[in-house]
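Data file: structure05.txt. Format and content: compact mmCIF, C-alpha atoms and all ligand atoms.
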```txt
# COMPACT_ATOMS: atom_id res chain seq x y z
CA MET S 1 -7.99 -12.23 3.34
CA GLY S 2 -10.14 -15.25 2.60
CA VAL S 3 -8.49 -18.64 2.42
CA ILE S 4 -9.29 -20.17 -0.97
CA LEU S 5 -7.78 -23.59 -0.51
CA ALA S 6 -6.61 -25.46 2.58
CA ALA S 7 -4.96 -28.87 2.63
CA GLU S 8 -4.60 -30.75 5.88
CA LYS S 9 -2.19 -33.68 6.24
CA VAL S 10 -2.77 -34.67 2.63
CA GLY S 11 -1.17 -37.81 1.23
CA PHE S 12 -1.45 -39.68 -2.04
CA SER S 13 -0.71 -43.27 -3.13
CA TYR S 14 -1.00 -44.56 -6.68
CA ALA S 15 -3.02 -47.80 -6.93
CA GLY S 16 -0.79 -50.84 -6.61
CA ARG S 17 2.10 -48.89 -5.03
CA SER S 18 2.97 -49.80 -1.44
CA GLN S 19 4.48 -46.40 -0.56
CA PRO S 20 2.63 -43.08 -0.75
CA VAL S 21 4.17 -40.54 -3.15
CA PHE S 22 3.94 -37.99 -0.31
CA SER S 23 2.13 -37.63 2.98
CA GLY S 24 1.52 -35.03 5.67
CA VAL S 25 1.25 -32.02 3.34
CA SER S 26 -0.57 -29.14 5.01
CA LEU S 27 -0.90 -25.74 3.42
CA ASP S 28 -3.37 -22.97 2.83
CA ILE S 29 -3.49 -20.13 0.37
CA ALA S 30 -5.42 -16.87 0.40
CA GLU S 31 -6.19 -14.17 -2.17
CA GLY S 32 -3.11 -12.44 -3.53
CA GLU S 33 -0.64 -14.98 -2.18
CA ILE S 34 1.98 -16.84 -4.21
CA LEU S 35 3.16 -20.24 -3.06
CA CYS S 36 5.94 -22.21 -4.76
CA VAL S 37 6.43 -25.98 -4.55
CA LEU S 38 10.05 -27.13 -4.88
CA GLY S 39 11.59 -30.59 -4.89
CA PRO S 40 13.68 -32.95 -7.01
CA ASN S 41 12.43 -34.98 -10.01
CA GLY S 42 9.84 -37.59 -9.10
CA ILE S 43 9.22 -36.35 -5.55
CA GLY S 44 5.50 -35.77 -6.22
CA LYS S 45 5.06 -32.10 -7.16
CA SER S 46 2.77 -32.77 -10.15
CA THR S 47 0.83 -35.36 -8.19
CA LEU S 48 0.33 -32.87 -5.35
CA LEU S 49 -0.94 -30.21 -7.77
CA ARG S 50 -3.37 -32.75 -9.24
CA CYS S 51 -4.63 -33.50 -5.70
CA LEU S 52 -5.02 -29.80 -4.92
CA SER S 53 -6.94 -29.38 -8.20
CA GLY S 54 -9.29 -32.26 -7.43
CA LEU S 55 -8.07 -34.36 -10.38
CA ALA S 56 -6.45 -37.01 -8.20
CA PRO S 57 -8.43 -37.42 -4.98
CA ALA S 58 -6.12 -37.34 -1.94
CA THR S 59 -5.78 -40.76 -0.34
CA THR S 60 -5.36 -39.34 3.16
CA GLY S 61 -6.12 -35.99 4.77
CA ALA S 62 -8.61 -33.37 3.62
CA ILE S 63 -8.77 -30.49 1.15
CA HIS S 64 -11.19 -27.60 1.57
CA VAL S 65 -12.06 -25.14 -1.19
CA ALA S 66 -13.59 -21.89 0.06
CA GLY S 67 -14.37 -23.69 3.32
CA GLN S 68 -16.12 -26.66 1.69
CA ASP S 69 -14.83 -30.22 1.56
CA MET S 70 -13.54 -30.68 -1.99
CA THR S 71 -15.05 -34.17 -2.28
CA GLU S 72 -18.52 -32.61 -1.95
CA LEU S 73 -18.04 -30.16 -4.83
CA SER S 74 -18.75 -30.83 -8.52
CA ARG S 75 -16.03 -30.29 -11.12
CA ASN S 76 -17.71 -27.08 -12.29
CA GLU S 77 -17.99 -25.78 -8.72
CA ILE S 78 -14.28 -26.45 -8.17
CA ALA S 79 -13.47 -24.85 -11.55
CA ARG S 80 -15.05 -21.56 -10.51
CA HIS S 81 -12.55 -21.36 -7.65
CA LEU S 82 -9.39 -22.85 -9.11
CA ALA S 83 -7.73 -23.96 -12.34
CA LEU S 84 -4.73 -26.13 -13.17
CA VAL S 85 -2.26 -25.43 -15.96
CA PRO S 86 -0.74 -28.89 -16.46
CA GLN S 87 2.92 -29.49 -17.28
CA ASN S 88 2.53 -31.20 -20.65
CA ASP S 89 -0.60 -30.68 -22.60
CA GLU S 90 -0.89 -33.16 -25.43
CA ALA S 91 -2.28 -31.50 -28.55
CA VAL S 92 -4.85 -34.08 -29.58
CA PHE S 93 -7.60 -32.24 -31.46
CA ALA S 94 -6.87 -29.66 -34.15
CA PHE S 95 -8.82 -26.81 -32.55
CA ALA S 96 -7.78 -23.25 -33.37
CA VAL S 97 -5.84 -21.57 -30.56
CA HIS S 98 -8.69 -19.12 -29.82
CA ALA S 99 -11.12 -22.06 -29.41
CA VAL S 100 -8.77 -23.69 -26.87
CA ALA S 101 -8.66 -20.42 -24.90
CA GLU S 102 -12.48 -20.14 -25.08
CA MET S 103 -12.74 -23.54 -23.38
CA GLY S 104 -11.83 -21.70 -20.18
CA ARG S 105 -15.46 -20.52 -20.06
CA ALA S 106 -16.86 -24.08 -20.07
CA PRO S 107 -17.57 -24.13 -16.29
CA TYR S 108 -19.87 -21.13 -16.79
CA LEU S 109 -21.79 -22.43 -19.80
CA GLY S 110 -24.82 -24.71 -19.77
CA LEU S 111 -24.51 -28.28 -21.03
CA PHE S 112 -25.57 -27.48 -24.61
CA GLU S 113 -24.47 -23.83 -24.64
CA ARG S 114 -21.75 -22.94 -27.11
CA PRO S 115 -19.15 -20.19 -26.64
CA GLY S 116 -20.40 -16.88 -28.13
CA PRO S 117 -19.02 -13.37 -28.78
CA LYS S 118 -18.38 -12.72 -25.06
CA GLU S 119 -16.23 -15.87 -24.79
CA ALA S 120 -14.45 -14.99 -28.06
CA SER S 121 -13.57 -11.53 -26.84
CA LEU S 122 -12.33 -12.81 -23.45
CA ALA S 123 -10.19 -15.37 -25.28
CA LEU S 124 -8.63 -12.78 -27.58
CA GLU S 125 -7.93 -10.49 -24.63
CA ALA S 126 -6.17 -13.32 -22.76
CA LEU S 127 -4.13 -14.30 -25.83
CA ALA S 128 -3.07 -10.65 -26.19
CA THR S 129 -2.07 -10.50 -22.51
CA LEU S 130 0.27 -13.41 -23.17
CA GLY S 131 1.62 -11.88 -26.37
CA ILE S 132 0.23 -14.59 -28.66
CA ALA S 133 -2.82 -12.92 -30.24
CA HIS S 134 -1.20 -13.57 -33.64
CA LEU S 135 -1.69 -17.32 -33.09
CA ALA S 136 -5.47 -17.07 -32.58
CA GLU S 137 -6.41 -18.79 -35.86
CA VAL S 138 -3.55 -21.31 -35.92
CA SER S 139 -4.25 -24.95 -35.09
CA TYR S 140 -3.25 -25.96 -31.56
CA THR S 141 -1.50 -29.02 -33.04
CA GLU S 142 0.80 -26.78 -35.09
CA ILE S 143 2.32 -24.56 -32.40
CA SER S 144 5.41 -25.14 -30.26
CA GLY S 145 5.54 -26.54 -26.72
CA GLY S 146 6.23 -23.08 -25.28
CA GLU S 147 3.37 -21.56 -27.27
CA ARG S 148 1.04 -24.33 -26.03
CA GLN S 149 2.09 -23.48 -22.48
CA LEU S 150 1.13 -19.83 -23.06
CA VAL S 151 -2.22 -20.87 -24.64
CA GLN S 152 -3.01 -23.01 -21.59
CA ILE S 153 -2.31 -20.03 -19.33
CA ALA S 154 -4.59 -17.90 -21.56
CA ARG S 155 -7.30 -20.58 -21.22
CA VAL S 156 -7.03 -20.33 -17.43
CA LEU S 157 -7.13 -16.51 -17.54
CA VAL S 158 -10.41 -16.87 -19.46
CA GLN S 159 -11.65 -19.22 -16.75
CA ALA S 160 -10.97 -16.42 -14.22
CA PRO S 161 -10.43 -18.61 -11.16
CA ARG S 162 -9.51 -17.21 -7.74
CA LEU S 163 -6.56 -19.63 -7.55
CA MET S 164 -4.30 -20.55 -10.45
CA ILE S 165 -2.24 -23.74 -10.04
CA LEU S 166 0.62 -24.03 -12.53
CA ASP S 167 2.85 -27.06 -13.02
CA GLU S 168 6.30 -25.88 -14.18
CA PRO S 169 4.80 -22.97 -16.14
CA THR S 170 8.17 -21.85 -17.48
CA ALA S 171 9.47 -25.31 -18.49
CA HIS S 172 9.16 -24.65 -22.23
CA LEU S 173 9.54 -20.87 -22.22
CA ASP S 174 12.51 -18.89 -23.50
CA PHE S 175 14.36 -16.43 -21.30
CA ALA S 176 12.19 -13.41 -22.17
CA ASN S 177 8.87 -15.25 -21.97
CA THR S 178 9.95 -16.68 -18.60
CA ALA S 179 10.56 -13.16 -17.27
CA ARG S 180 7.27 -11.92 -18.80
CA LEU S 181 5.28 -14.78 -17.29
CA LEU S 182 6.78 -14.28 -13.82
CA ALA S 183 5.95 -10.56 -14.06
CA LEU S 184 2.38 -11.41 -15.17
CA LEU S 185 1.92 -13.78 -12.22
CA ARG S 186 3.16 -11.05 -9.87
CA ARG S 187 0.70 -8.54 -11.39
CA LEU S 188 -2.19 -11.01 -11.17
CA ALA S 189 -1.37 -11.72 -7.53
CA ARG S 190 -1.35 -7.99 -6.78
CA SER S 191 -4.86 -7.82 -8.20
CA GLY S 192 -5.98 -10.60 -5.83
CA LEU S 193 -5.34 -13.89 -7.67
CA ALA S 194 -3.80 -16.67 -5.58
CA VAL S 195 -1.04 -18.65 -7.32
CA ILE S 196 0.55 -22.02 -6.63
CA PHE S 197 3.34 -23.06 -8.98
CA THR S 198 6.12 -25.62 -9.24
CA THR S 199 9.54 -25.01 -10.71
CA HIS S 200 13.00 -26.53 -10.93
CA ALA S 201 14.51 -23.07 -10.46
CA PRO S 202 14.69 -22.08 -6.77
CA ASP S 203 15.56 -18.54 -7.90
CA GLN S 204 11.97 -18.24 -9.25
CA ALA S 205 10.63 -19.10 -5.80
CA TYR S 206 12.89 -16.42 -4.32
CA ALA S 207 11.79 -13.81 -6.85
CA LEU S 208 8.07 -14.51 -6.68
CA ALA S 209 6.78 -16.65 -3.83
CA ASP S 210 5.65 -15.38 -0.43
CA ARG S 211 5.85 -18.93 0.90
CA THR S 212 7.47 -22.12 -0.35
CA LEU S 213 6.70 -25.78 0.22
CA ILE S 214 9.69 -28.09 -0.11
CA LEU S 215 9.26 -31.80 -0.75
CA SER S 216 12.47 -33.72 -0.15
CA PRO S 217 13.32 -37.41 -0.06
CA HIS S 218 14.65 -37.59 3.50
CA HIS S 219 12.60 -34.96 5.31
CA PRO S 220 8.90 -34.32 6.01
CA PRO S 221 7.33 -31.55 3.88
CA ARG S 222 8.60 -28.09 4.90
CA LEU S 223 6.46 -24.96 4.48
CA GLY S 224 7.70 -21.50 5.34
CA GLY S 225 8.39 -17.96 4.25
CA THR S 226 10.48 -18.32 1.08
CA ARG S 227 13.39 -16.20 2.25
CA ASP S 228 13.61 -17.99 5.60
CA LEU S 229 13.29 -21.45 4.11
CA LEU S 230 15.61 -21.23 1.11
CA THR S 231 18.99 -21.67 2.71
CA ALA S 232 22.00 -23.35 1.11
CA ASP S 233 21.73 -26.20 3.65
CA VAL S 234 18.05 -26.91 2.99
CA LEU S 235 18.47 -26.75 -0.81
CA SER S 236 21.62 -28.92 -0.73
CA GLU S 237 19.80 -31.52 1.34
CA THR S 238 16.71 -31.37 -0.89
CA TYR S 239 18.51 -31.77 -4.21
CA GLY S 240 21.40 -33.92 -2.95
CA VAL S 241 24.18 -31.70 -4.32
CA PRO S 242 26.19 -28.95 -2.61
CA ILE S 243 24.47 -25.63 -3.39
CA ARG S 244 25.71 -22.09 -2.86
CA LEU S 245 23.45 -19.05 -2.85
CA VAL S 246 24.22 -15.52 -3.95
CA ALA S 247 21.31 -13.27 -3.00
CA SER S 248 20.39 -9.64 -3.52
CA ASP S 249 17.19 -7.83 -2.54
CA ARG S 250 15.07 -9.16 -5.39
CA HIS S 251 17.05 -12.02 -6.86
CA MET S 252 18.90 -15.10 -5.81
CA LEU S 253 21.42 -17.08 -7.80
CA CYS S 254 21.49 -20.76 -6.94
CA ILE S 255 24.75 -22.50 -7.88
CA ALA S 256 24.97 -26.30 -7.73
CA ASP S 257 28.46 -27.79 -7.40
CA ALA S 258 27.82 -31.28 -8.78
CA ASP S 259 30.91 -33.23 -9.87
N1 LIG V 301 0.13 -42.59 -13.15
C1 LIG V 301 1.07 -42.99 -12.28
N2 LIG V 301 1.06 -44.24 -11.76
C2 LIG V 301 1.97 -44.66 -10.88
N3 LIG V 301 2.98 -43.88 -10.43
C3 LIG V 301 3.05 -42.63 -10.91
C4 LIG V 301 2.11 -42.11 -11.85
N4 LIG V 301 2.44 -40.82 -12.14
C5 LIG V 301 3.54 -40.56 -11.41
N5 LIG V 301 3.92 -41.64 -10.68
C6 LIG V 301 5.04 -41.73 -9.76
O1 LIG V 301 4.81 -40.80 -8.70
C7 LIG V 301 6.03 -40.17 -8.34
C8 LIG V 301 5.86 -38.65 -8.38
O2 LIG V 301 5.66 -38.22 -9.73
P1 LIG V 301 5.38 -36.70 -10.05
O3 LIG V 301 5.20 -36.59 -11.52
O4 LIG V 301 4.29 -36.22 -9.17
O5 LIG V 301 6.75 -36.04 -9.58
P2 LIG V 301 7.35 -34.58 -9.87
O6 LIG V 301 7.96 -34.12 -8.59
O7 LIG V 301 6.32 -33.71 -10.48
O8 LIG V 301 8.47 -34.92 -10.93
P3 LIG V 301 9.21 -34.01 -12.05
O9 LIG V 301 9.91 -32.91 -11.32
O10 LIG V 301 10.16 -34.98 -12.66
O11 LIG V 301 8.15 -33.52 -13.00
C9 LIG V 301 7.11 -40.69 -9.29
O12 LIG V 301 7.84 -41.69 -8.63
C10 LIG V 301 6.33 -41.27 -10.42
O13 LIG V 301 6.99 -42.37 -10.98
```

Can you dump the structure from the file as structure tokens?
Amino acid sequence: MGVILAAEKVGFSYAGRSQPVFSGVSLDIAEGEILCVLGPNGIGKSTLLRCLSGLAPATTGAIHVAGQDMTELSRNEIARHLALVPQNDEAVFAFAVHAVAEMGRAPYLGLFERPGPKEASLALEALATLGIAHLAEVSYTEISGGERQLVQIARVLVQAPRLMILDEPTAHLDFANTARLLALLRRLARSGLAVIFTTHAPDQAYALADRTLILSPHHPPRLGGTRDLLTADVLSETYGVPIRLVASDRHMLCIADAD
């Protein structure tokens, strides 16, 4: 299996801040693997995903994409390997939903080339995969937060990267769409896509992720096999509340006993 992305001792500091948000993050991900990033609010999960996507250049350490130093690749070159689905996508321009999905093809089009029938058909296919084909002609500014999240995932399906990086992809989704999206990610991984995602639900890591990276306030980053790493002790320490786990073969229930 080819490694798509490798991060070595990566750290990031925002300008003007004395302390790095995180440091010493090392990970790699190959075709068909799913990696989950867990950690409490504000620990740096979104920032890390932006670093791994090349949107926020790492301040320390190195990131390689398909064996090449990320800093030497253009945005379009990076976009053919990986794509980020951000946490909150502001709906600024009133594009139709299908046009937003078609934007996924931008890295493959020339500077003055416009999306054509091939892009339109890929976009419709992706919208159908996510169960939102009926929204194709609706303005992106007039759909809900959860629907926008699904459109952004459709856009990335159209982009057809080898690695999909998703920041809290289920944050705005209802119960059924959450289950559908997790099942879709599992299917995509089986067909060779690599997936990195963040979540506030450790049970999603348990159900989906081969490996998990935990960022916690009082401990260096921990990376390991999900089922080995997700113990009640580690999760309690990470989130700062006593946590009990009830696990079966496929699922884990994570119960926090906060007063
Ligand atoms: N543009 C910015 N400038 C300065 N500091 C920032 C900026 N964006 C985020 N931060 C800080 O970086 C830290 C990490 O933020 P980040 O959004 O990466 O955390 P997170 O783990 O994704 O949080 P959450 O789970 O709440 O979404 C926070 O302390 C935040 O205040």

Query raised in the report: Do you know which residues are at most 7 Å from Gly44 (chain S) counting all atoms listed in the file, after dropping those on the same chain fewer than 4 positions away, and could you put them as a PyMOL selection string?
Result: chain S and resi 21-22+48

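In this structure, CA of Phe197 (chain S) sits 23.5 Å away from CA of Ile143 (chain S).
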
Query raised in the report: Which protein, DNA or RNA residues have an atom within 6 Å of ligand LIG 301 (chain V), counting all atoms listed in the file, as a PyMOL selection string?
Result: chain S and resi 14+21+40-47

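The residue set within 8 Å of Asp167 (chain S), counting only C-alpha atoms and dropping same-chain residues fewer than 2 places from it, reads Ser46, Leu49, Leu84, Val85, Pro86, Gln87, Ile165, Pro169, Phe197, Thr198 and Thr199 of chain S.
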
Non-local contacts of Leu109 (chain S) (12 Å; only C-alpha atoms; under 3 positions in same chain excluded) as a JSON list (two decimals) with C-alpha atoms, keeping the file's coordinate frame:
```
[["chain", "number", "residue", "atom", "x", "y", "z"],
["S", 76, "ASN", "CA", -17.71, -27.08, -12.29],
["S", 79, "ALA", "CA", -13.47, -24.85, -11.55],
["S", 80, "ARG", "CA", -15.05, -21.56, -10.51],
["S", 102, "GLU", "CA", -12.48, -20.14, -25.08],
["S", 103, "MET", "CA", -12.74, -23.54, -23.38],
["S", 104, "GLY", "CA", -11.83, -21.70, -20.18],
["S", 105, "ARG", "CA", -15.46, -20.52, -20.06],
["S", 106, "ALA", "CA", -16.86, -24.08, -20.07],
["S", 112, "PHE", "CA", -25.57, -27.48, -24.61],
["S", 113, "GLU", "CA", -24.47, -23.83, -24.64],
["S", 114, "ARG", "CA", -21.75, -22.94, -27.11],
["S", 115, "PRO", "CA", -19.15, -20.19, -26.64],
["S", 116, "GLY", "CA", -20.40, -16.88, -28.13],
["S", 118, "LYS", "CA", -18.38, -12.72, -25.06],
["S", 119, "GLU", "CA", -16.23, -15.87, -24.79],
["S", 159, "GLN", "CA", -11.65, -19.22, -16.75]]
```

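Atom pair CA of His172 (chain S) / CA of Glu31 (chain S) has a distance of 27.3 Å (rounded to one decimal).
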
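In terms of minimum interatomic distance to His64 (chain S), S:Glu8 ranks closest within S:Ala99, S:Arg155, S:Thr129, S:Glu8, counting all atoms listed in the file.
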
Query raised in the report: Which of these residues is nearest to Gly240 (chain S), using all atoms listed in the file: S:Ser23, S:Pro57, S:Gln204, S:Gly39?
Result: S:Gly39

Query raised in the report: With distances taken over all atoms listed in the file, which of S:Ala258, S:Cys51, S:Val246, S:Ala96 is nearest to Ala232 (chain S)?
Result: S:Val246

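Around Cys36 (chain S), within 7 Å and counting all atoms listed in the file, the residues found are Ile196, Phe197, Thr198, Ala205, Ala209, Arg211, Thr212 and Leu213 of chain S, once anything fewer than 3 positions away on its own chain is removed.
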
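The shortest atom-to-atom distance to Asn177 (chain S), with all atoms listed in the file taken into account, belongs to S:Gln149 out of S:Ser191, S:Ser53, S:Thr141, S:Gln149.
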
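Of the listed residues (S:Asp203, S:Glu77, S:Glu125, S:Asp89), S:Asp89 comes nearest to Arg148 (chain S); the distances count all atoms listed in the file.
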
Query - Between CA of Arg190 (chain S) and CA of Ala207 (chain S), distance in Å (one decimal) - result: 14.4 Å

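Nearest residue to Ile34 (chain S) among S:Met164, S:Asp233, S:Asp257, S:Asp249 is S:Met164, counting all atoms listed in the file.
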
**Report entry** Contacts of region 218-225 of chain S at 8 Å (all atoms listed in the file; same-chain gap of 6+ positions) as a PyMOL selection string
**Finding:** chain S and resi 24-25+27+210-212+238

Using all atoms listed in the file and a cutoff of 12 Å, can you tell me which residues are near (24.3, -29.0, 2.1) in the file's coordinates, and write them out as a compact mmCIF listing (two decimals) with C-alpha atoms, in the frame of the given file?
```txt
# COMPACT_ATOMS: atom_id res chain seq x y z
CA LEU S 230 15.61 -21.23 1.11
CA THR S 231 18.99 -21.67 2.71
CA ALA S 232 22.00 -23.35 1.11
CA ASP S 233 21.73 -26.20 3.65
CA VAL S 234 18.05 -26.91 2.99
CA LEU S 235 18.47 -26.75 -0.81
CA SER S 236 21.62 -28.92 -0.73
CA GLU S 237 19.80 -31.52 1.34
CA THR S 238 16.71 -31.37 -0.89
CA TYR S 239 18.51 -31.77 -4.21
CA GLY S 240 21.40 -33.92 -2.95
CA VAL S 241 24.18 -31.70 -4.32
CA PRO S 242 26.19 -28.95 -2.61
CA ILE S 243 24.47 -25.63 -3.39
CA ARG S 244 25.71 -22.09 -2.86
CA LEU S 245 23.45 -19.05 -2.85
CA ILE S 255 24.75 -22.50 -7.88
CA ALA S 256 24.97 -26.30 -7.73
CA ASP S 257 28.46 -27.79 -7.40
CA ALA S 258 27.82 -31.28 -8.78
```
